[in-house]
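S.K.: Input structure: my_file26.cif, which contains mmCIF, C-alpha atoms.
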data_model
#
loop_
_atom_site.label_atom_id
_atom_site.label_comp_id
_atom_site.auth_asym_id
_atom_site.auth_seq_id
_atom_site.Cartn_x
_atom_site.Cartn_y
_atom_site.Cartn_z
CA MET A 1 0.00 0.00 0.00
CA PRO A 2 1.64 3.29 -1.02
CA SER A 3 2.05 5.92 1.67
CA PRO A 4 0.25 9.28 1.46
CA ARG A 5 3.65 10.91 0.97
CA SER A 6 4.55 8.71 -2.00
CA ARG A 7 1.11 9.23 -3.55
CA PHE A 8 1.47 13.00 -3.39
CA ILE A 9 5.02 12.86 -4.74
CA ALA A 10 3.60 10.85 -7.63
CA SER A 11 0.92 13.50 -8.10
CA VAL A 12 3.56 16.21 -8.20
CA THR A 13 5.52 14.23 -10.78
CA ALA A 14 2.41 14.02 -12.92
CA LEU A 15 1.88 17.74 -12.41
CA ALA A 16 5.39 18.45 -13.65
CA LEU A 17 4.55 16.71 -16.92
CA LEU A 18 1.60 19.06 -17.39
CA LEU A 19 3.64 22.25 -17.00
CA VAL A 20 4.87 22.47 -20.56
CA ALA A 21 3.37 25.96 -20.78
CA TRP A 22 5.60 27.07 -17.89
CA PRO A 23 8.92 25.26 -18.38
CA ALA A 24 10.63 27.30 -15.65
CA LEU A 25 7.99 26.22 -13.15
CA ALA A 26 8.21 22.62 -14.33
CA ALA A 27 11.93 22.72 -13.55
CA THR A 28 11.16 24.10 -10.10
CA VAL A 29 8.68 21.30 -9.45
CA ASP A 30 11.31 18.73 -10.37
CA GLN A 31 13.86 20.47 -8.16
CA ALA A 32 11.41 20.51 -5.23
CA ILE A 33 10.65 16.81 -5.68
CA THR A 34 14.36 15.99 -5.83
CA ALA A 35 15.14 18.07 -2.74
CA GLN A 36 12.37 16.41 -0.78
CA ARG A 37 13.40 12.92 -1.86
CA ASN A 38 16.99 13.72 -0.89
CA ARG A 39 15.79 14.97 2.50
CA ASP A 40 17.01 18.48 1.78
CA TYR A 41 13.86 19.82 3.38
CA LYS A 42 15.02 23.42 3.79
CA GLN A 43 15.64 23.69 0.07
CA ALA A 44 12.35 21.93 -0.65
CA ILE A 45 10.54 24.55 1.45
CA VAL A 46 12.16 27.35 -0.56
CA LEU A 47 11.13 25.75 -3.83
CA TRP A 48 7.56 24.88 -2.81
CA THR A 49 7.18 28.46 -1.58
CA GLN A 50 8.30 29.78 -4.96
CA LEU A 51 5.68 27.64 -6.64
CA ILE A 52 2.93 28.66 -4.22
CA ASP A 53 3.79 32.34 -4.60
CA SER A 54 3.93 32.12 -8.40
CA GLY A 55 0.16 32.56 -8.62
CA GLN A 56 -0.01 29.97 -11.40
CA PHE A 57 -1.75 27.23 -9.41
CA SER A 58 -5.18 26.72 -7.89
CA GLY A 59 -7.38 23.92 -6.60
CA ASP A 60 -5.89 20.48 -6.25
CA LYS A 61 -2.58 21.53 -7.86
CA LEU A 62 -2.08 24.27 -5.29
CA ALA A 63 -3.11 21.83 -2.56
CA ILE A 64 -0.27 19.53 -3.66
CA MET A 65 2.18 22.39 -3.17
CA TYR A 66 0.90 23.20 0.32
CA TYR A 67 0.79 19.52 1.24
CA ASN A 68 4.38 18.89 0.24
CA ARG A 69 5.63 22.07 1.89
CA GLY A 70 3.81 20.89 5.00
CA LEU A 71 5.71 17.61 4.83
CA SER A 72 9.00 19.47 4.66
CA HIS A 73 8.02 21.85 7.46
CA ARG A 74 7.21 18.85 9.67
CA ARG A 75 10.50 17.19 8.82
CA THR A 76 12.35 20.30 9.94
CA GLY A 77 10.38 20.50 13.19
CA GLN A 78 8.32 23.52 12.15
CA LEU A 79 5.09 21.97 13.31
CA ASP A 80 2.96 25.13 13.43
CA LYS A 81 3.88 25.88 9.82
CA ALA A 82 3.21 22.26 8.86
CA VAL A 83 -0.27 22.43 10.39
CA ALA A 84 -0.94 25.72 8.60
CA ASP A 85 0.06 24.22 5.24
CA TYR A 86 -2.01 21.08 5.77
CA THR A 87 -4.96 23.26 6.78
CA GLU A 88 -4.72 25.23 3.54
CA ALA A 89 -4.40 22.02 1.55
CA ALA A 90 -7.50 20.68 3.32
CA ARG A 91 -9.40 23.87 2.49
CA LEU A 92 -8.54 23.42 -1.18
CA THR A 93 -9.24 19.67 -1.32
CA PRO A 94 -11.45 18.81 1.69
CA GLN A 95 -12.17 15.27 0.50
CA ASP A 96 -8.54 14.10 0.57
CA ALA A 97 -8.04 11.77 3.52
CA SER A 98 -4.24 11.85 3.41
CA ILE A 99 -4.16 15.55 4.26
CA PHE A 100 -6.10 14.98 7.48
CA ASN A 101 -3.95 11.97 8.34
CA ASN A 102 -0.77 14.00 7.97
CA ARG A 103 -2.12 17.00 9.85
CA GLY A 104 -3.13 14.58 12.59
CA PHE A 105 0.46 13.33 12.69
CA ALA A 106 1.69 16.90 13.14
CA TYR A 107 -0.82 17.48 15.93
CA ASP A 108 0.37 14.26 17.56
CA GLU A 109 3.95 15.51 17.50
CA GLN A 110 2.69 18.69 19.19
CA ARG A 111 1.03 16.48 21.84
CA LYS A 112 -2.36 17.82 20.80
CA TYR A 113 -3.86 14.37 20.89
CA ASP A 114 -7.54 15.33 20.76
CA LEU A 115 -6.94 17.34 17.58
CA ALA A 116 -4.91 14.45 16.17
CA ILE A 117 -7.70 11.98 16.91
CA ALA A 118 -10.24 14.28 15.27
CA ASP A 119 -8.15 14.48 12.10
CA TYR A 120 -7.49 10.73 11.98
CA THR A 121 -11.22 10.14 12.44
CA ARG A 122 -11.97 12.50 9.55
CA ALA A 123 -9.44 10.65 7.39
CA ILE A 124 -11.14 7.35 8.22
CA GLN A 125 -14.57 8.81 7.41
CA LEU A 126 -13.26 9.86 4.01
CA LYS A 127 -11.42 6.58 3.42
CA PRO A 128 -12.77 3.71 5.55
CA ASP A 129 -9.98 1.32 4.50
CA TYR A 130 -7.21 3.73 5.57
CA ALA A 131 -5.03 1.40 7.65
CA ARG A 132 -2.44 4.04 8.47
CA ALA A 133 -5.04 6.42 9.85
CA TYR A 134 -6.36 3.67 12.11
CA SER A 135 -2.85 2.87 13.29
CA ASN A 136 -2.04 6.54 13.87
CA ARG A 137 -5.25 7.10 15.78
CA GLY A 138 -4.38 4.09 17.89
CA VAL A 139 -1.08 5.75 18.82
CA ALA A 140 -2.91 8.91 19.90
CA TYR A 141 -5.36 6.86 21.96
CA ARG A 142 -2.45 5.00 23.59
CA LYS A 143 -0.80 8.28 24.54
CA LYS A 144 -4.05 9.29 26.22
CA ASP A 145 -4.11 5.93 28.09
CA ARG A 146 -7.21 4.84 26.23
CA ASP A 147 -5.77 1.43 25.63
CA ASP A 148 -8.95 -0.43 24.63
CA LEU A 149 -9.57 2.08 21.85
CA ALA A 150 -5.93 1.87 20.81
CA ILE A 151 -6.07 -1.92 20.52
CA ALA A 152 -9.32 -1.71 18.57
CA ASP A 153 -7.70 0.65 16.06
CA TYR A 154 -4.60 -1.49 15.72
CA ASN A 155 -6.81 -4.53 15.17
CA GLN A 156 -8.69 -2.71 12.43
CA ALA A 157 -5.49 -1.53 10.75
CA ILE A 158 -4.21 -5.12 10.71
CA LYS A 159 -7.53 -6.43 9.41
CA ILE A 160 -7.40 -3.94 6.53
CA ASP A 161 -3.75 -4.56 5.71
CA PRO A 162 -2.20 -7.63 7.39
CA GLN A 163 1.16 -6.85 5.76
CA TYR A 164 1.40 -3.42 7.41
CA ALA A 165 4.02 -3.83 10.13
CA THR A 166 3.56 -0.74 12.29
CA PRO A 167 0.30 -1.65 14.11
CA TYR A 168 1.81 -4.94 15.27
CA PHE A 169 4.64 -3.05 16.98
CA ASN A 170 2.28 -0.49 18.47
CA ARG A 171 -0.14 -3.13 19.72
CA ALA A 172 2.78 -4.91 21.37
CA LEU A 173 3.46 -1.76 23.38
CA VAL A 174 -0.06 -1.83 24.78
CA TYR A 175 0.17 -5.54 25.54
CA ARG A 176 3.47 -4.90 27.31
CA LYS A 177 1.83 -2.22 29.45
CA ARG A 178 -0.82 -4.79 30.39
CA LYS A 179 1.89 -7.41 31.03
CA MET A 180 0.36 -9.64 28.35
CA TYR A 181 3.78 -10.81 27.27
CA ASP A 182 2.79 -13.75 25.07
CA ARG A 183 0.67 -11.50 22.88
CA ALA A 184 3.26 -8.72 22.90
CA ILE A 185 6.04 -11.09 21.86
CA ALA A 186 3.90 -12.60 19.10
CA ASP A 187 3.20 -9.12 17.73
CA VAL A 188 6.86 -8.09 17.82
CA LYS A 189 7.88 -11.27 16.04
CA ARG A 190 5.30 -10.56 13.35
CA PHE A 191 6.59 -6.99 13.09
CA MET A 192 10.12 -8.35 12.61
CA GLU A 193 8.96 -10.72 9.88
CA LEU A 194 7.36 -7.85 7.99
CA ASN A 195 10.11 -5.31 8.70
CA PRO A 196 13.28 -7.29 9.37
CA ARG A 197 15.68 -4.35 9.04
CA HIS A 198 14.00 -2.15 11.64
CA PRO A 199 16.26 -1.93 14.71
CA LEU A 200 13.45 -1.46 17.23
CA GLY A 201 12.01 -4.94 16.69
CA PRO A 202 14.90 -6.94 18.21
CA ARG A 203 15.30 -4.38 20.98
CA LEU A 204 11.69 -4.59 22.09
CA LEU A 205 11.69 -8.37 21.77
CA ALA A 206 14.70 -8.63 24.11
CA VAL A 207 13.03 -6.33 26.65
CA LEU A 208 9.78 -8.29 26.53
CA GLN A 209 11.51 -11.63 26.95
CA LYS A 210 13.49 -10.30 29.92
CA GLU A 211 10.37 -8.92 31.60
CA GLN A 212 8.50 -12.14 30.94
CA ARG A 213 11.22 -14.18 32.63
CA LYS A 214 11.11 -11.90 35.69
CA LYS A 215 7.33 -12.27 35.87
CA ARG A 216 7.68 -16.05 36.02
#
Write out the structure in this file as structure tokens.

M.R.:
Amino acid sequence: MPSPRSRFIASVTALALLLVAWPALAATVDQAITAQRNRDYKQAIVLWTQLIDSGQFSGDKLAIMYYNRGLSHRRTGQLDKAVADYTEAARLTPQDASIFNNRGFAYDEQRKYDLAIADYTRAIQLKPDYARAYSNRGVAYRKKDRDDLAIADYNQAIKIDPQYATPYFNRALVYRKRKMYDRAIADVKRFMELNPRHPLGPRLLAVLQKEQRKKR
């Protein structure tokens, strides 16, 4: 399942192909995409801003610009600016679930969990099979100690996309908190099968096994 970020990058690539009437702007789009892919987020922000300020875009095309600048703002820790960009993108394209999911992620990083949950819920309303939004909402619920709701969201994310590794890891954290070590270990092992290169899997597994031995 492609991520919202990759889908929007693909949209921007398609947009670049349509800019034959403005070759200079097409070059800027390509430069912004390249900067963002190379994690040169400060340069990406400069380039997306140039495109936004050009006055040549409106509607969904302008929303793509705000969305991607929001991604780069979040990556540089400028969360207020990220939220502002996502909000403008949502105003322009209010039916796009990925915008609400990503604004929810920014709210989560600001520890504004109720706002994050509201955005994830809106994303799910717009796209009921949005596994990542369920998983992200589960994280926000867990941070608010609403563990039953968190587990329910992780379960739904896994039901929608059993190959999506993240909710297994996150559900293991809740099971660990509840000292349900067999379930937690099973989830971490599944996470490691799906994402074998992620360093957190073996670390959490070792911690869980150690805690389980102490419990016995």

S.K.: Give me, as a list of chain:residue names, all polymer residues having an atom no more than 8 Å from A:Thr121, counting all atoms listed in the file and skipping those fewer than 4 positions away in the same chain.

M.R.: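 Everything that qualifies: A:Ile117, A:Gln125, A:Ala133, A:Arg137.
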
S.K.: Please determine, counting all atoms listed in the file, which residue among A:Tyr113, A:Asp187, A:Gly59, A:His73 has the shortest atom-to-atom distance to A:Pro94.

M.R.: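 Result for the nearest residue to A:Pro94: A:Gly59.
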
S.K.: Need to verify the contact set: A:Arg39, 12 Å, all atoms listed in the file, exclusion of same-chain residues closer than 3 positions in sequence. Can you return it as a CSV table (one decimal) with C-alpha atoms, in the frame of the given file?

M.R.:
chain,number,residue,atom,x,y,z
A,32,ALA,CA,11.4,20.5,-5.2
A,33,ILE,CA,10.6,16.8,-5.7
A,34,THR,CA,14.4,16.0,-5.8
A,35,ALA,CA,15.1,18.1,-2.7
A,36,GLN,CA,12.4,16.4,-0.8
A,42,LYS,CA,15.0,23.4,3.8
A,43,GLN,CA,15.6,23.7,0.1
A,44,ALA,CA,12.4,21.9,-0.6
A,45,ILE,CA,10.5,24.6,1.4
A,71,LEU,CA,5.7,17.6,4.8
A,72,SER,CA,9.0,19.5,4.7
A,73,HIS,CA,8.0,21.8,7.5
A,74,ARG,CA,7.2,18.8,9.7
A,75,ARG,CA,10.5,17.2,8.8
A,76,THR,CA,12.4,20.3,9.9

S.K.: I'd like to know which of A:Gln50, A:Thr93, A:Gln78, A:Asn155 is closest to A:Asn170, using only C-alpha atoms.

M.R.: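 Nearest to A:Asn170: A:Asn155.
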
S.K.: Taking a cut-off of 12 Å and counting all atoms listed in the file, can you build a table that, for each residue of stretch 32-105 of chain A near stretch 127-132 of chain A, reports the nearest atom pair and how far apart they are in Å (one decimal), sorted by chain then residue number, as CSV?

M.R.:
residue,atom,partner,partner_atom,distance
A:Gln95,CA,A:Lys127,CA,9.2
A:Asp96,CA,A:Lys127,CA,8.5
A:Ala97,CA,A:Lys127,CA,6.2
A:Ser98,CA,A:Lys127,CA,8.9
A:Ile99,CA,A:Lys127,CA,11.6
A:Phe100,CA,A:Lys127,CA,10.7
A:Asn101,CA,A:Arg132,CA,8.1
A:Asn102,CA,A:Arg132,CA,10.1
A:Gly104,CA,A:Arg132,CA,11.3
A:Phe105,CA,A:Arg132,CA,10.6

S.K.: A:Phe169, A:Tyr134, A:Tyr154, A:Tyr41: which is nearest A:Pro199, counting all atoms listed in the file?

M.R.: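 Closest candidate: A:Phe169.
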
S.K.: Apply the PyMOL selection byres ((chain A and resi 52) around 12) to the structure shown and report the selected residues as JSON, numbers by chain.

M.R.: {"A": [25, 28, 29, 32, 45, 46, 47, 48, 49, 50, 51, 53, 54, 55, 56, 57, 58, 59, 61, 62, 63, 64, 65, 66, 67, 68, 69, 85, 88, 89]}

S.K.: What is the distance between atom CA of A:Leu173 and atom CA of A:Lys112, in Å to one decimal?

M.R.: 20.6 Å

S.K.: Between atom CA of A:Ala116 and atom CA of A:Asp40, measure the distance and give it in Å to one decimal.

M.R.: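 Value for the atom CA of A:Ala116-atom CA of A:Asp40 distance: 26.5 Å.
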
S.K.: Which value, in Å to one decimal, gives the distance between atom CA of A:Gln110 and atom CA of A:Leu149?

M.R.: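 Atom CA of A:Leu149 lies at a distance of 20.8 Å from atom CA of A:Gln110.
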
S.K.: With all atoms listed in the file as the atoms that count, which of A:Asp145, A:Tyr86, A:Asp153, A:Asn195 lies nearest to A:Asp119?

M.R.: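 Closest to A:Asp119, using all atoms listed in the file: A:Tyr86.
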
S.K.: Could you pull the residues within 12 Å of stretch 209-215 of chain A, counting all atoms listed in the file, minus those fewer than 4 positions along the same chain, as an NGL selection string?

M.R.: :A and (175-186 or 188-189 or 202-205)

S.K.: Could those selected residues go to a file with C-alpha atoms, as a PDB file, in the coordinates of the input?

M.R.:
ATOM      1  CA  TYR A 175       0.170  -5.540  25.540  1.00  0.00           C
ATOM      2  CA  ARG A 176       3.470  -4.900  27.310  1.00  0.00           C
ATOM      3  CA  LYS A 177       1.830  -2.220  29.450  1.00  0.00           C
ATOM      4  CA  ARG A 178      -0.820  -4.790  30.390  1.00  0.00           C
ATOM      5  CA  LYS A 179       1.890  -7.410  31.030  1.00  0.00           C
ATOM      6  CA  MET A 180       0.360  -9.640  28.350  1.00  0.00           C
ATOM      7  CA  TYR A 181       3.780 -10.810  27.270  1.00  0.00           C
ATOM      8  CA  ASP A 182       2.790 -13.750  25.070  1.00  0.00           C
ATOM      9  CA  ARG A 183       0.670 -11.500  22.880  1.00  0.00           C
ATOM     10  CA  ALA A 184       3.260  -8.720  22.900  1.00  0.00           C
ATOM     11  CA  ILE A 185       6.040 -11.090  21.860  1.00  0.00           C
ATOM     12  CA  ALA A 186       3.900 -12.600  19.100  1.00  0.00           C
ATOM     13  CA  VAL A 188       6.860  -8.090  17.820  1.00  0.00           C
ATOM     14  CA  LYS A 189       7.880 -11.270  16.040  1.00  0.00           C
ATOM     15  CA  PRO A 202      14.900  -6.940  18.210  1.00  0.00           C
ATOM     16  CA  ARG A 203      15.300  -4.380  20.980  1.00  0.00           C
ATOM     17  CA  LEU A 204      11.690  -4.590  22.090  1.00  0.00           C
ATOM     18  CA  LEU A 205      11.690  -8.370  21.770  1.00  0.00           C
TER      19      LEU A 205
END

S.K.: Which one of A:Tyr120, A:Asp114, A:Pro167, A:Ala27 sits closest to A:Phe191 if you count all atoms listed in the file?

M.R.: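 Closest to A:Phe191, using all atoms listed in the file: A:Pro167.
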
S.K.: Using only C-alpha atoms, which residue out of A:Ala106, A:Leu126, A:Ala172, A:Ala152 lies closest to A:Ala82?

M.R.: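 Ranking A:Ala106, A:Leu126, A:Ala172, A:Ala152 by distance to A:Ala82, first place goes to A:Ala106.
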